[in-house]
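Engineer: Below is the structure I would like to discuss, written out as structure tokens.
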Amino acid sequence: MTEADPATLGPDDARAEHDRLAARIRQADAAYYQDDAPELSDADYDDLRRRLARIEAAHPELIRPDSPTQTVGAAPAEGFRKVRHAVPMLSLDNAFSDDDLAEFAESVRRFLKLGPEEPLALVAEPKIDGLSFSARYENRRFVRGVTRGDGTEGEDVTANLATIADLPATLPEGAPEVFEVRGEVFMEKAGFAEMNRRHAETGGKIFANPRNAAAGSLRQKDPAVTARRPLKAFCYAWGETSAEPWASHREFLETLKSWGFPTNPRNRRCADAAEALAAFAALDAERAALPYDIDGVVYKVDRLDWQRRLGFVSRAPRWAIARKFAAEQARTLVLGIDIQVGRTGALTPVARLQPVTVGGVVVENATLHNEDEIRRKGVRVGDTVIVQRAGDVIPQVVAVVADAPRGAAEFVFPETCPVCGSHAERPEGEAVRRCTGGLTCPAQAVERLRHFVSRDALNVEGLGEKAVTEFYDLGWVRRPSDVFTLAARAEAGEISFGGLKGWGPVSVGKLFAAIQARKSSPLAKVIFALGIRHVGETTAKALASLYGSFDAFRAAGGRLALGDPFAREELVNRDGLGGAVAEALAEFFAEAHNTDELARLAAAMTVEPHVEAATRATALSGKTVVFTGTLERLSRNEAKARAEAMGAKVASSVSAKTDFLIVGADAGSKARKAAELGVATMTEEDFLALE
Ligand code: IVH
């Protein structure tokens, strides 16, 4: 058979041939791996793969995560040892406009109480779109490389990181005995293109963009493979270190460079906000011509004493922000509009699109948000639309292209749930229509289960969307607690993985081990995993800290559901919690199926009592404090952060549970109430003197 040059194939022909080849290869793989009965000679098989790779190289929009070019040679995540970061690897808050950046600088000034004349220098660094890593040096020798992972725990990629020529194997005399450098591994655009070209010729894996290529290359089982990939690195932060011989972030970067670490030559120190804005515009203009992809600019407060005072909120520092470039856009056709049903029953319209590459990623679906948005934008099936993607954000439909052929019929939003058929209600004044089926709706049940085991919740590895859906459909896992009884039921012969595709004894063993590893989980994770409305990660932590144990949490929930005013008062008084959370908990605990499930969970797993983050014992450990009046030296936020760092709970009003009232100038009713209740008071000076 003579084959057409893939580049000359039209999109439809390319897709048809791609689908045919992919199916043929999958069939051959199954015959080879699962049935031990090869259907093709090695040479014929290689020809098929090579042809598929060539088609994907000429038509990258056809690359799918499940394409055979993407699935072979990929190292399984469980192949790497897990390593806990001595100092967590954080993420950054985002700014999307000049105003956001100005607001960041202002909030830093307010927090630090800087006078208007006090200069606030920021270091601007190109934000490389790669994969962050932490490299540890002991006695000035490289000893360990770890990926970011979830920020707390990453994967040991020491052997792979060691192959990156940019990173030094040893540090010079004078460098600290223990030093962890952090940075980004990436691939340059040219190296990426050349690698894909080579792979297309040899039937190797074709990557959709340099970021995926860098990630895939760093997580190779065989470091010899990593060594052949054109990986580079830039360093920009530190983790654990036995000494900090630098006084500002800029000095830190200079020190890194002098020790032989690669730092980005485009890093700039900006003396003020105006220079910071100019640095952004300059990088934006330069962006396309840079040898690597960047998705924004990271700004960091240069003074380290200020960085220390600013500290962190949740997972991001207060002293840094990422200003993102404008979203990349593309035009494409709306093939259909689907309705997805989420964890809380929200019906979300999603446009199914003709696949199109936007900012290096193939987009096939884009959210349309809700009913009103569809109407406002006037999107119809058959329209040509502009879609955009900003960083990791879900692709969106921006607008309909007016001068292209239009779709025929206006979209009619369903009033019943497309999954379970229950009535879908849209309360007055709300934009979202919700399925009223609750957990009887399979979509909601599956989404809740997915959330329960997801990375930020209980993090059960190997139990992804596909497996959850499959187990749900089989009736094996209908509620969270079922996850923990899976192994026992398999053991007892009630269920059998025997005939299930993709679930050989090895994968099943791994799954059971992953579940077992989470059978004991911290209270905050469990509360978050329940997927209660308004209870995100930070709120879950605050609830865990308030109640301390699973039993106390359940008891309080029961009281909230009964409308107990004291239970409500205790909750809303707590910093970071409020009326919306109290209502959401009351609603959740009012449902018998929820409280029953909590009882089942309590029986099936161990919920570890909450341990406060502050480990050092301070004068404020475990105390409840309230601030009042105007503080002279600290902003309210810094005072609060300082108290929390010392292990205190900060409340907004004085009650019998308050241990200390910290009094600034012109204190009013709170000071009177404290006096009435006999609550101890201290001045700002007293507070600052506490260790
Ligand atoms: S600083 C606490 N600097 O962006 C400091 N991050 O959105 C945390 N990134 O996970 C990171 N270039 O992977 C920093 N110059 C830079 C960066 C950078 C890219 C990535 C990094 C981080 C993510 C946060």
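Ordered as shown in the structure tokens, chains take letters A, B, and onward, while each chain numbers its residues from 1 and ligands are numbered from 1 in the order shown.
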Would you list the contacts of range 334-340 of chain A as number ranges by chain, taking every protein, DNA or RNA residue within 8 Å and counting only C-alpha atoms, but skipping same-chain residues closer than 2 positions in sequence?

Structural biologist: A: 332, 342, 346-354, 380-385, 418

Engineer: Could you pull out the strand (DSSP E or B) residues of range 362-606 of chain A, going by DSSP on the backbone, and write them as a PyMOL selection string?

Structural biologist: chain A and resi 362-367+384-389+396-400+416+423-425+434-435+520-522+574+606

Engineer: Step by step, measure atom-to-atom distances between ligand 1 and each residue using only C-alpha atoms and all ligand atoms, keep those at most 9 Å, then write them as a VMD selection string.

Structural biologist: chain A and resid 88 to 94 124 to 133 148 151 182 to 185 234 to 238 264 267 294 to 300 312 315 to 322

Engineer: Convert the current residue selection to file output with C-alpha atoms, as a compact mmCIF listing (two decimals), in the first residue's frame.

Structural biologist:
# COMPACT_ATOMS: atom_id res chain seq x y z
CA PRO A 88 6.80 22.67 51.48
CA MET A 89 6.88 23.72 47.83
CA LEU A 90 4.29 26.42 47.48
CA SER A 91 2.33 27.83 44.63
CA LEU A 92 1.64 31.45 43.74
CA ASP A 93 -1.42 33.63 43.66
CA ASN A 94 -2.21 35.09 40.24
CA ALA A 124 10.60 40.36 38.33
CA GLU A 125 11.36 36.89 36.94
CA PRO A 126 10.00 35.32 33.75
CA LYS A 127 7.56 32.58 34.77
CA ILE A 128 8.80 29.52 32.98
CA ASP A 129 6.15 27.05 31.93
CA GLY A 130 7.86 23.86 33.03
CA LEU A 131 7.95 21.55 35.97
CA SER A 132 9.25 22.60 39.37
CA PHE A 133 11.83 20.58 41.25
CA ARG A 148 6.91 19.28 43.45
CA GLY A 151 3.74 20.54 47.45
CA ARG A 182 14.32 25.09 43.72
CA GLY A 183 13.59 25.87 40.15
CA GLU A 184 11.97 24.84 36.94
CA VAL A 185 12.94 22.12 34.49
CA PHE A 234 16.51 27.76 35.86
CA CYS A 235 16.73 28.17 39.64
CA TYR A 236 14.80 30.78 41.61
CA ALA A 237 14.15 29.75 45.23
CA TRP A 238 15.44 27.75 48.16
CA ASN A 264 17.42 33.47 34.19
CA ASN A 267 15.45 38.49 35.99
CA ILE A 294 6.78 31.62 29.55
CA ASP A 295 3.26 32.17 30.85
CA GLY A 296 3.78 35.28 32.92
CA VAL A 297 6.08 37.16 35.27
CA VAL A 298 6.71 36.30 38.92
CA TYR A 299 7.20 39.25 41.27
CA LYS A 300 8.94 38.79 44.61
CA PHE A 312 2.13 32.72 53.80
CA ARG A 315 -0.32 27.54 50.02
CA ALA A 316 1.02 30.78 48.63
CA PRO A 317 3.42 33.41 49.95
CA ARG A 318 2.13 36.91 50.62
CA TRP A 319 5.42 38.25 49.27
CA ALA A 320 5.12 37.00 45.70
CA ILE A 321 2.60 36.99 42.88
CA ALA A 322 2.44 35.66 39.32

Engineer: Can you tell me, as a JSON list (two decimals) with N, CA, C and O atoms, in the first residue's frame, what residues are no more than 8 Å from range 273-282 of chain A when counting only C-alpha atoms, ignoring any on the same chain fewer than 6 positions away?

Structural biologist:
[["chain", "number", "residue", "atom", "x", "y", "z"],
["A", 98, "ASP", "N", -2.81, 44.97, 35.28],
["A", 98, "ASP", "CA", -1.96, 45.96, 35.93],
["A", 98, "ASP", "C", -2.55, 46.32, 37.29],
["A", 98, "ASP", "O", -1.82, 46.50, 38.27],
["A", 101, "LEU", "N", -1.76, 43.82, 39.91],
["A", 101, "LEU", "CA", -0.36, 43.92, 40.36],
["A", 101, "LEU", "C", -0.20, 45.10, 41.32],
["A", 101, "LEU", "O", 0.44, 45.00, 42.36],
["A", 102, "ALA", "N", -0.84, 46.24, 40.94],
["A", 102, "ALA", "CA", -0.77, 47.42, 41.80],
["A", 102, "ALA", "C", -1.39, 47.09, 43.16],
["A", 102, "ALA", "O", -0.88, 47.48, 44.21],
["A", 105, "ALA", "N", 1.04, 45.19, 45.30],
["A", 105, "ALA", "CA", 2.04, 46.05, 45.93],
["A", 105, "ALA", "C", 1.41, 46.82, 47.09],
["A", 105, "ALA", "O", 2.01, 46.96, 48.17],
["A", 120, "LEU", "N", 9.49, 50.11, 47.79],
["A", 120, "LEU", "CA", 9.21, 48.67, 47.83],
["A", 120, "LEU", "C", 9.76, 48.07, 46.54],
["A", 120, "LEU", "O", 9.14, 48.16, 45.48],
["A", 121, "ALA", "N", 10.95, 47.48, 46.63],
["A", 121, "ALA", "CA", 11.56, 46.90, 45.43],
["A", 121, "ALA", "C", 11.06, 45.47, 45.23],
["A", 121, "ALA", "O", 10.90, 44.72, 46.18],
["A", 122, "LEU", "N", 10.79, 45.14, 43.96],
["A", 122, "LEU", "CA", 10.33, 43.79, 43.61],
["A", 122, "LEU", "C", 11.30, 43.22, 42.59],
["A", 122, "LEU", "O", 11.81, 43.95, 41.74],
["A", 124, "ALA", "N", 11.47, 40.95, 39.35],
["A", 124, "ALA", "CA", 10.60, 40.36, 38.33],
["A", 124, "ALA", "C", 11.35, 39.23, 37.64],
["A", 124, "ALA", "O", 12.48, 39.43, 37.18],
["A", 297, "VAL", "N", 4.92, 36.62, 34.56],
["A", 297, "VAL", "CA", 6.08, 37.16, 35.27],
["A", 297, "VAL", "C", 5.82, 36.96, 36.77],
["A", 297, "VAL", "O", 4.71, 37.22, 37.24],
["A", 299, "TYR", "N", 6.64, 38.14, 40.51],
["A", 299, "TYR", "CA", 7.20, 39.25, 41.27],
["A", 299, "TYR", "C", 7.44, 38.82, 42.70],
["A", 299, "TYR", "O", 6.56, 38.21, 43.31]]

Engineer: Restricting the calculation to only C-alpha atoms: of A:Cys270, A:Ala327, A:Ala645, A:Val572, which residue gets closest to Asp302 in chain A?

Structural biologist: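 Of A:Cys270, A:Ala327, A:Ala645, A:Val572, the one nearest Asp302 in chain A, counting only C-alpha atoms, is A:Cys270.
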
Engineer: Which of these, A:Met187, A:Ala247, A:Leu474, A:Ala513, has the shortest distance to Pro291 in chain A once you count only C-alpha atoms?

Structural biologist: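 Among the listed residues, the smallest separation from Pro291 in chain A belongs to A:Met187.
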
Engineer: Can you tell me how far CA of Pro245 in chain A sits from CA of Pro176 in chain A, in Å to one decimal?

Structural biologist: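 Separation between CA of Pro245 in chain A and CA of Pro176 in chain A: 8.5 Å.
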
Engineer: At what distance in Å, to one decimal, does CA of Glu570 in chain A lie from CA of Ala656 in chain A?

Structural biologist: 11.1 Å

Engineer: Quick one: residues within 10 Å of range 211-221 of chain A, only C-alpha atoms, excluding same-chain residues fewer than 4 positions away - as JSON, numbers by chain?

Structural biologist: {"A": [70, 73, 74, 75, 76, 77, 79, 80, 128, 129, 130, 131, 132, 133, 147, 155, 156, 157, 158, 159, 160, 161, 163, 164, 184, 185, 186, 187, 188, 189, 192, 195, 196, 205, 206, 207, 225, 226, 227, 228, 229, 230, 231, 232, 292, 293, 360, 361]}

Engineer: Near Ala4 in chain A, within 12 Å and counting only C-alpha atoms, which residues show up once chain neighbours fewer than 3 positions away are dropped, as an MDAnalysis selection string?

Structural biologist: chainID A and resid 1 7:10 13:14 17 51 54:55

Engineer: So that I can see what lies close to Phe96 in chain A, please list as a ChimeraX atom specification the residues with an atom at most 7 Å from it, counting only C-alpha atoms and leaving out residues fewer than 2 positions away in the same chain.

Structural biologist: /A:94,100,323-324

Engineer: Would you mind exporting the chosen residues as an mmCIF file, in the first residue's frame, restricted to all heavy atoms?

Structural biologist:
data_model
loop_
_atom_site.group_PDB
_atom_site.id
_atom_site.type_symbol
_atom_site.label_atom_id
_atom_site.label_comp_id
_atom_site.auth_asym_id
_atom_site.auth_seq_id
_atom_site.Cartn_x
_atom_site.Cartn_y
_atom_site.Cartn_z
ATOM 1 N N ASN A 94 -2.301 34.509 41.579
ATOM 2 C CA ASN A 94 -2.206 35.092 40.244
ATOM 3 C C ASN A 94 -2.749 36.503 40.177
ATOM 4 O O ASN A 94 -3.711 36.838 40.858
ATOM 5 C CB ASN A 94 -2.983 34.236 39.250
ATOM 6 C CG ASN A 94 -2.308 32.899 39.031
ATOM 7 O OD1 ASN A 94 -1.079 32.826 38.995
ATOM 8 N ND2 ASN A 94 -3.094 31.847 38.913
ATOM 9 N N ASP A 100 -4.361 44.436 39.267
ATOM 10 C CA ASP A 100 -4.107 43.354 40.233
ATOM 11 C C ASP A 100 -2.692 43.471 40.795
ATOM 12 O O ASP A 100 -2.453 43.258 41.976
ATOM 13 C CB ASP A 100 -4.223 41.976 39.569
ATOM 14 C CG ASP A 100 -5.659 41.595 39.239
ATOM 15 O OD1 ASP A 100 -6.570 42.344 39.638
ATOM 16 O OD2 ASP A 100 -5.852 40.555 38.591
ATOM 17 N N ARG A 323 2.038 37.363 37.672
ATOM 18 C CA ARG A 323 1.201 38.130 36.744
ATOM 19 C C ARG A 323 1.165 37.360 35.438
ATOM 20 O O ARG A 323 2.208 37.149 34.802
ATOM 21 C CB ARG A 323 1.818 39.527 36.550
ATOM 22 C CG ARG A 323 1.287 40.302 35.385
ATOM 23 C CD ARG A 323 0.022 41.055 35.727
ATOM 24 N NE ARG A 323 -0.731 41.373 34.540
ATOM 25 C CZ ARG A 323 -0.630 42.490 33.841
ATOM 26 N NH1 ARG A 323 0.219 43.405 34.216
ATOM 27 N NH2 ARG A 323 -1.367 42.687 32.779
ATOM 28 N N LYS A 324 -0.050 36.942 35.052
ATOM 29 C CA LYS A 324 -0.187 36.101 33.877
ATOM 30 C C LYS A 324 -0.338 36.925 32.602
ATOM 31 O O LYS A 324 -0.945 38.000 32.628
ATOM 32 C CB LYS A 324 -1.423 35.197 34.026
ATOM 33 C CG LYS A 324 -1.307 34.187 35.157
ATOM 34 C CD LYS A 324 -0.182 33.225 34.896
ATOM 35 C CE LYS A 324 -0.202 31.999 35.773
ATOM 36 N NZ LYS A 324 -1.173 31.001 35.416
#

Engineer: List the neighbours of Gly563 in chain A out to 9 Å using only C-alpha atoms; skip same-chain residues closer than 5 positions along the sequence, and give me the result as a list of chain:residue names.

Structural biologist: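 The neighbour list is A:Gly558, A:Arg568, A:Ala586.
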
Engineer: With distances taken over only C-alpha atoms, which residue among A:Val419, A:Ala524, A:Ile25, A:Ile515 lies nearest Ala457 in chain A?

Structural biologist: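 Ranking A:Val419, A:Ala524, A:Ile25, A:Ile515 by distance to Ala457 in chain A, first place goes to A:Ala524.
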